[in-house]
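Some notes on the structure that comes next.
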Amino acid sequence: MSNSQTRSENGTSTVWQVIGRFVAAAVVLAITAFFTPGFSINNIWTLAMAAVVLTVIDYLVTKFTGLHASPFGKGFIGFALAAIILYVTQFFVAGYSISWIAAIIGALVYGVVDYFIPGNQQM
C-alpha cells in the first residue's frame with residue numbers, strides 16, 4: 001500500500017468520523033431538547049447549527065482549559081460546563097432557546113442520552 005493511498009484512506013476516515021460525531025451530537029441534542037422543559041429548537045437547521053456550535057465551544061473549552069464538558073465522568077465541573085455550554089449556545093444560534101433551569105436539567109438529560117448513544121462525542 002502506498003503512502004498516498006494510506007493518507008487518502010485516513011483522510012476519508014477522519015471525514016467520516018467528524019460527520020459521525022456531528023450526527024451523534026445532533027441526535028443527542030434533539031433528544032435532550034425534546035425531554036427538557038424550557039428548551040426549544042425551532043427546526044432541523046437550527047439543530048444542525050446548534051450541534052456545530054456546541055461541538056466548537058466544547059472543543060475550545062477542552063483545548064484551552066483541558067476540561068471536557070461531560071456531565072458524567074468529570075464530576076461537578078463537567079456537569080456545570082455542560083450546562084453553561086448548553087445555555088451559552090443560544091447567544092450564537094437563532095431559534096435555539098433555553099433557560100438556566102432547563103440548561104441544568106438539559107445537562108443531566110444530555111449526559112444520560114450521550115451515555116446510551118454509541119460513539120465517542122469528544123473531538
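Just remember, in the C-alpha cells the first chain shown is A, the second B, etc., residues are 1-based per chain, and ligands are 1-based in the order shown.
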| query | What lies within 10 Å of Tyr96 in chain A using only C-alpha atoms, ignoring chain neighbours under 4 positions off, as number ranges by chain? | reply | A: 33, 39-43, 46-47, 49-50, 86-87, 89-92
Could you write those residues out with C-alpha atoms, as a tab-separated table (two decimals), in the first residue's frame?
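So the final result, stored in result.tsv, reads:
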```
chain	number	residue	atom	x	y	z
A	33	ALA	CA	-34.40	19.31	23.77
A	39	PHE	CA	-35.57	24.02	25.96
A	40	SER	CA	-36.64	24.53	22.35
A	41	ILE	CA	-35.05	24.17	18.95
A	42	ASN	CA	-37.19	25.56	16.11
A	43	ASN	CA	-36.18	23.39	13.15
A	46	THR	CA	-31.27	25.28	13.99
A	47	LEU	CA	-30.50	21.82	15.38
A	49	MET	CA	-26.20	24.82	13.69
A	50	ALA	CA	-26.57	24.25	17.45
A	86	LEU	CA	-25.97	24.46	26.56
A	87	TYR	CA	-27.03	27.88	27.86
A	89	THR	CA	-25.22	28.34	22.67
A	90	GLN	CA	-28.49	30.31	22.50
A	91	PHE	CA	-26.48	33.51	22.01
A	92	PHE	CA	-24.94	32.12	18.81
```
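Coordinates place CA of Ile101 in chain A at a distance of 21.4 Å from CA of Thr55 in chain A.
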| field | Residues near Ala107 in chain A, cut-off 12 Å, only C-alpha atoms, skip fewer than 4 positions along chain, as an MDAnalysis selection string | value | chainID A and resid 28:29 31:33 35:36 39 69:72 76:87 98:103 111:114
Selection to disk with N, CA, C and O atoms, as a compact mmCIF listing (two decimals), in the first residue's frame:
```
# COMPACT_ATOMS: atom_id res chain seq x y z
N VAL A 28 -28.27 13.50 19.96
CA VAL A 28 -28.28 13.67 21.42
C VAL A 28 -28.93 15.01 21.79
O VAL A 28 -29.75 15.09 22.69
N LEU A 29 -28.59 16.06 21.05
CA LEU A 29 -29.15 17.38 21.32
C LEU A 29 -30.66 17.41 21.07
O LEU A 29 -31.42 17.98 21.86
N ILE A 31 -32.80 14.87 21.21
CA ILE A 31 -33.47 14.10 22.27
C ILE A 31 -33.48 14.91 23.57
O ILE A 31 -34.49 14.95 24.27
N THR A 32 -32.37 15.57 23.86
CA THR A 32 -32.29 16.40 25.07
C THR A 32 -33.32 17.51 25.03
O THR A 32 -34.03 17.75 26.01
N ALA A 33 -33.43 18.21 23.90
CA ALA A 33 -34.40 19.31 23.77
C ALA A 33 -35.83 18.78 23.91
O ALA A 33 -36.68 19.42 24.54
N PHE A 35 -36.94 16.19 25.65
CA PHE A 35 -37.27 15.77 27.00
C PHE A 35 -37.05 16.84 28.08
O PHE A 35 -37.35 16.59 29.25
N THR A 36 -36.55 18.01 27.70
CA THR A 36 -36.25 19.05 28.68
C THR A 36 -37.24 20.20 28.57
O THR A 36 -37.26 20.89 27.55
N PHE A 39 -36.65 24.11 26.95
CA PHE A 39 -35.57 24.02 25.96
C PHE A 39 -36.23 23.78 24.61
O PHE A 39 -36.94 22.81 24.42
N ALA A 69 -16.54 19.04 28.87
CA ALA A 69 -17.91 19.24 29.38
C ALA A 69 -18.69 17.94 29.25
O ALA A 69 -19.44 17.73 28.32
N SER A 70 -18.48 17.08 30.19
CA SER A 70 -19.17 15.80 30.22
C SER A 70 -19.90 15.67 31.55
O SER A 70 -19.27 15.65 32.59
N PRO A 71 -21.24 15.62 31.50
CA PRO A 71 -21.99 15.52 32.75
C PRO A 71 -21.61 14.29 33.59
O PRO A 71 -21.71 14.32 34.79
N PHE A 72 -21.19 13.22 32.94
CA PHE A 72 -20.77 12.03 33.67
C PHE A 72 -19.28 11.82 33.45
O PHE A 72 -18.76 12.06 32.39
N PHE A 76 -18.73 17.36 39.10
CA PHE A 76 -19.49 18.60 39.10
C PHE A 76 -18.98 19.59 38.05
O PHE A 76 -19.77 20.27 37.41
N ILE A 77 -17.67 19.66 37.85
CA ILE A 77 -17.09 20.60 36.88
C ILE A 77 -17.60 20.27 35.47
O ILE A 77 -18.03 21.17 34.74
N GLY A 78 -17.58 19.03 35.08
CA GLY A 78 -18.08 18.61 33.76
C GLY A 78 -19.56 18.89 33.62
O GLY A 78 -20.01 19.37 32.57
N PHE A 79 -20.31 18.62 34.67
CA PHE A 79 -21.75 18.87 34.65
C PHE A 79 -22.03 20.37 34.51
O PHE A 79 -22.85 20.78 33.69
N ALA A 80 -21.34 21.19 35.29
CA ALA A 80 -21.52 22.65 35.22
C ALA A 80 -21.12 23.19 33.85
O ALA A 80 -21.82 24.04 33.28
N LEU A 81 -20.01 22.70 33.31
CA LEU A 81 -19.58 23.13 31.97
C LEU A 81 -20.62 22.75 30.92
O LEU A 81 -20.91 23.55 30.02
N ALA A 82 -21.18 21.57 31.00
CA ALA A 82 -22.20 21.14 30.04
C ALA A 82 -23.42 22.06 30.12
O ALA A 82 -23.95 22.48 29.08
N ALA A 83 -23.85 22.40 31.33
CA ALA A 83 -25.00 23.30 31.49
C ALA A 83 -24.68 24.68 30.93
O ALA A 83 -25.50 25.29 30.22
N ILE A 84 -23.49 25.19 31.21
CA ILE A 84 -23.10 26.52 30.72
C ILE A 84 -23.02 26.52 29.20
O ILE A 84 -23.51 27.45 28.54
N ILE A 85 -22.44 25.49 28.61
CA ILE A 85 -22.33 25.43 27.15
C ILE A 85 -23.71 25.33 26.51
O ILE A 85 -23.98 25.99 25.50
N LEU A 86 -24.60 24.52 27.08
CA LEU A 86 -25.97 24.46 26.56
C LEU A 86 -26.63 25.83 26.60
O LEU A 86 -27.31 26.23 25.67
N TYR A 87 -26.42 26.56 27.69
CA TYR A 87 -27.03 27.88 27.86
C TYR A 87 -26.42 28.91 26.91
O TYR A 87 -27.13 29.66 26.25
N ILE A 98 -33.17 28.39 25.65
CA ILE A 98 -33.07 27.55 26.84
C ILE A 98 -32.94 28.46 28.06
O ILE A 98 -32.28 29.49 28.01
N SER A 99 -33.62 28.09 29.15
CA SER A 99 -33.49 28.84 30.40
C SER A 99 -32.37 28.22 31.23
O SER A 99 -31.88 27.13 30.92
N TRP A 100 -31.98 28.92 32.30
CA TRP A 100 -30.93 28.38 33.18
C TRP A 100 -31.34 27.04 33.79
O TRP A 100 -30.56 26.10 33.82
N ILE A 101 -32.57 26.99 34.26
CA ILE A 101 -33.05 25.73 34.87
C ILE A 101 -33.06 24.62 33.82
O ILE A 101 -32.64 23.50 34.10
N ALA A 102 -33.53 24.95 32.61
CA ALA A 102 -33.55 23.96 31.54
C ALA A 102 -32.13 23.52 31.17
O ALA A 102 -31.91 22.36 30.84
N ALA A 103 -31.18 24.44 31.25
CA ALA A 103 -29.78 24.08 30.95
C ALA A 103 -29.25 23.08 31.97
O ALA A 103 -28.54 22.14 31.62
N GLY A 111 -26.30 14.11 29.35
CA GLY A 111 -25.36 13.10 29.85
C GLY A 111 -25.93 11.70 29.79
O GLY A 111 -25.24 10.77 29.38
N VAL A 112 -27.19 11.54 30.16
CA VAL A 112 -27.83 10.22 30.13
C VAL A 112 -27.95 9.74 28.69
O VAL A 112 -27.59 8.60 28.37
N VAL A 113 -28.45 10.61 27.80
CA VAL A 113 -28.63 10.22 26.40
C VAL A 113 -27.27 9.94 25.75
O VAL A 113 -27.11 8.95 25.03
N ASP A 114 -26.29 10.80 26.01
CA ASP A 114 -24.95 10.63 25.46
C ASP A 114 -24.34 9.30 25.90
O ASP A 114 -23.61 8.66 25.15
```
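The closest residue to Gly95 in chain A, picked from A:Leu54, A:Val109, A:Ile44, A:Leu67 and counting only C-alpha atoms, is A:Ile44.
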| Best match for closeness to Gly20 in chain A among A:Ala51, A:Val88, A:Phe64, A:Ala94, counting only C-alpha atoms | A:Ala51
Identify, with DSSP run on backbone atoms, the residues in range 54-120 of chain A assigned to alpha helix (DSSP H), and express the list as a compact mmCIF listing (two decimals) with C-alpha atoms, in the first residue's frame.
```txt
# COMPACT_ATOMS: atom_id res chain seq x y z
CA LEU A 54 -21.87 23.10 20.86
CA THR A 55 -19.09 21.00 19.38
CA VAL A 56 -16.92 24.05 18.68
CA ILE A 57 -17.47 25.54 22.15
CA ASP A 58 -16.73 22.16 23.78
CA TYR A 59 -13.59 21.81 21.66
CA LEU A 60 -12.39 25.32 22.60
CA VAL A 61 -13.07 24.77 26.30
CA THR A 62 -11.21 21.46 26.18
CA LYS A 63 -8.33 22.96 24.19
CA PHE A 64 -7.80 25.96 26.47
CA THR A 65 -8.67 24.53 29.89
CA GLY A 75 -17.99 15.26 38.23
CA PHE A 76 -19.49 18.60 39.10
CA ILE A 77 -17.09 20.60 36.88
CA GLY A 78 -18.08 18.61 33.76
CA PHE A 79 -21.75 18.87 34.65
CA ALA A 80 -21.52 22.65 35.22
CA LEU A 81 -19.58 23.13 31.97
CA ALA A 82 -22.20 21.14 30.04
CA ALA A 83 -25.00 23.30 31.49
CA ILE A 84 -23.10 26.52 30.72
CA ILE A 85 -22.33 25.43 27.15
CA LEU A 86 -25.97 24.46 26.56
CA TYR A 87 -27.03 27.88 27.86
CA VAL A 88 -24.42 29.97 26.03
CA TRP A 100 -30.93 28.38 33.18
CA ILE A 101 -33.05 25.73 34.87
CA ALA A 102 -33.55 23.96 31.54
CA ALA A 103 -29.78 24.08 30.95
CA ILE A 104 -29.19 22.34 34.27
CA ILE A 105 -31.86 19.71 33.57
CA GLY A 106 -30.65 19.51 29.95
CA ALA A 107 -27.08 18.80 31.06
CA LEU A 108 -28.36 15.84 33.05
CA VAL A 109 -30.55 14.58 30.17
CA TYR A 110 -27.69 15.18 27.68
CA GLY A 111 -25.36 13.10 29.85
CA VAL A 112 -27.83 10.22 30.13
CA VAL A 113 -28.63 10.22 26.40
CA ASP A 114 -24.95 10.63 25.46
CA TYR A 115 -24.14 7.61 27.63
CA PHE A 116 -26.52 5.41 25.62
```
